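Colleague: Okay, here's the structure, questions in a sec.
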Amino acid sequence: MAAAAAPMEVDTGNGVFQRKQAMYKSLDESFEIQKEMYRGQQYSQIYFARLHLMRTLLYSLLPTWKPHLPICTVLGLEEGKECIIVGTLYKHMKLKPSILDEYSKERSASPLVKPHNFVHSDDYLVLEDESGRVKLRGSLLLPSVYVTGIVVALHGKETGAGDFMVEDILEAGLPHQIELPLNSGEDKYVVFVSGLSVGSSSANPLHFQLFVDHITGHLGDEKEQGIAAHIVQVVIAGNSVEFPRGLLNGQNLGSKDQSRLSEPIKELDILLTQIAAGIPLDIMPGTSDPANFSLPQQPLHKCLFPGSAAYNTFRSCTNPHSFELDNVRFLGTSGQNIEDLARYSDAKSKLEFMERTLRWRHLAPTAPNTLGCYPFTDRDPFFIEKCPHVYFVGNQEKYEASLIKGSDGQVVRLICIPKFAETGTAVVLNLRNLECHALSFGTQFSS
C-alpha cells in the first residue's frame with residue numbers, strides 16, 4: 001500500500017515548516033515501450049519515420065526561407081541549377097571504429113588505440129533521401145559540427161563532379177514553446193543530482209547522507225530549513241549504482257557474490273527512502289544501472305526499491321524523461337546522447353551540444369548509428385515536439401548552465417548535472433524564474 005508523503009515538519013521556535021507542493025504531470029508516455037514487439041525489424045524504419053516527420057516540418061518552413069527556389073530530390077539534381085534538397089545527413093568518418101577492425105587487429109602486436117573523439121580533418125558529409133545520396137561540399141557545412149542522422153534542408157547546386165555545393169542551410173530550429181506560467185512570486189525549488197555511483201570506490205557515503213539531510217531539512221539553522229521546505233521535487237538523472245566489475249562475467253554467482261551484487265541497490269534504497277518520505281522523487285536509469293542498455297531506457301523495476309517504492313512520492317521514470325511541474329516543462333537524459341555527440345563531433349562545451357540537439361529538434365540524432373536504441377517501426381520518440389523550459393543532462397564532468405533564446409521568443413534553461421560521486425555537487429533550480437545554482441558538499445578531516 002502506498003504511503004503519502006507527510007509534510008516536512010521541523011520544530012522551530014515559531015512552529016513548523018510546511019513543505020511547498022507543485023502540480024506534477026508525467027510526459028514519459030512516448031518513451032515507454034508498451035505494445036512494441038521486436039520481430040527482427042531493421043533500423044531503416046526509424047530513419048524513414050524521422051525523415052518523413054522532419055521533411056514535412058522543413059517543407060512548412062521553406063516559404064519563409066527561400067520561396068523562389070524549386071525543391072528537388074537527390075536523383076532529380078541538374079548540374080548548375082539552384083535548388084533545395086531535404087534529406088538525412090550521413091557523416092563519413094575515417095576514425096569511426098568498426099567491429100571488423102577489432103577482429104582484423106585482434107592478433108596484431110600493436111594495441112588498438114581508442115581515442116575519446118573520432119573527428120578527423122578528412123571527414124565529409126553526404127545527404128541521403130529515398131532516391132539516392134550526394135556528397136556535400138562548401139565551407140558553410142562543417143563536418144566537425146554535424147553528425148549522422150540529422151535532417152536538414154540545403155540550398156545549393158550540383159557541380160560538374162557530381163557533388164552538391166552548399167550555399168545555405170536550414171535546420172528545424174527550436175520547436176513551439178508553451179508560455180511560462182505567470183510569476184507567482186513564490187520560490188519553489190527542483191533539485192537535480194546524478195552519478196551517485198553507490199557501491200563504487202570513488203563514492204563517499206557521507207557526501208550523499210549530507211545531501212539527503214540538507215534537502216529533507218535535517219541540517220542547518222531555521223533559515224536553511226526554511227529554504228529546504230521550498231524544495232518540491234528531486235530528480236536523480238542516472239548512474240545511481242555501480243557494481244563490482246569482476247562479478248558480471250557471465251558465470252553463475254555464489255551466494256557471497258550475489259550479496260555483494262545486491263549491496264549497492266540496498267544501500268541506495270535506504271537513502272532514497274529518506275528522501276521519498278518527505279519529497280517527491282524521480283529516478284532515471286543510466287548506463288551503469290540495472291536497466292536495458294538501449295535508449296529509451298525503461299524505468300528501473302520497483303522491486304529493486306522495497307523501502308522507497310512504498311511511498312507514492314517515489315517515481316521510477318524512463319530515460320529520456322519528460323515532465324511538467326506547475327506548467328514548467330522539463331526534458332532531460334542521463335547523458336548518453338551528449339556523450340555520443342562529444343565522441344563524433346566537436347563543440348566548445350557540453351552546453352553547445354545540448355543547444356544543437358534543440359536546434360536540430362532531435363534528442364539523439366546519432367541513434368541508432370552509434371548510440372543504441374530500440375528499433376521503432378512507425379515513430380521516432382526522440383523528435384522534440386514541444387520546446388522544454390528546462391533541458392538537463394546528467395553525469396557530466398562539471399556543473400554548467402546557460403539560458404538560450406529561440407527566434408520565436410522561446411527561452412530554455414540548459415543544465416549540465418555533474419557526477420555527484422566525483423564532485424559532491426547537485427544542482428538547484430528555482431521554478432519561479434528558472435535561475436539555478438550548484439549545491440556542493442565536501443568533507444575534510446584533518447589527520
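Starting from 1 in every chain, residues are counted up; chains themselves are A, B, ... following the order of the C-alpha cells, and ligands are numbered from 1 as listed.
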Skip Leu61 (chain A) itself and residues of its chain fewer than 4 positions away, then list as a PyMOL selection string all residues within 12 Å of it, counting only C-alpha atoms.
Modeller: chain A and resi 54-57+65-67+86+152-153+170-173+175
Colleague: May I have all residues of region 202-292 of chain A that DSSP, computed from the backbone, assigns to alpha helix (DSSP H), given as an NGL selection string?
Modeller: :A and (205-215 or 222-228 or 255-276)
Colleague: State, in Å with one decimal place, the distance from CA of Gly162 (chain A) to CA of Arg137 (chain A).
Modeller: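 Interatomic distance here is 10.4 Å.
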Colleague: With distances taken over only C-alpha atoms, which residue among A:Arg50, A:His155, A:Arg356, A:Lys386 lies nearest Phe323 (chain A)?
Modeller: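 So, comparing all the options, the nearest one is A:Lys386.
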Colleague: Could you give me, as a list in words, the residues within 7 Å of region 224-231 of chain A, counting only C-alpha atoms and dropping anything in the same chain fewer than 6 positions from it?
Modeller: Met8, Phe17, Gln18, Arg19, Lys20, Asp187, Lys188, Tyr189, Val190, Ile215, Thr216 and Gly217 of chain A
Colleague: Env of Lys35 (chain A): 12 Å cut, atoms = only C-alpha atoms, seq-sep filter 6 positions within chain, self excluded. Answer as a list in words.
Modeller: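 Here the qualifying residues turn out to be Glu29, Phe376 and Thr377 of chain A.
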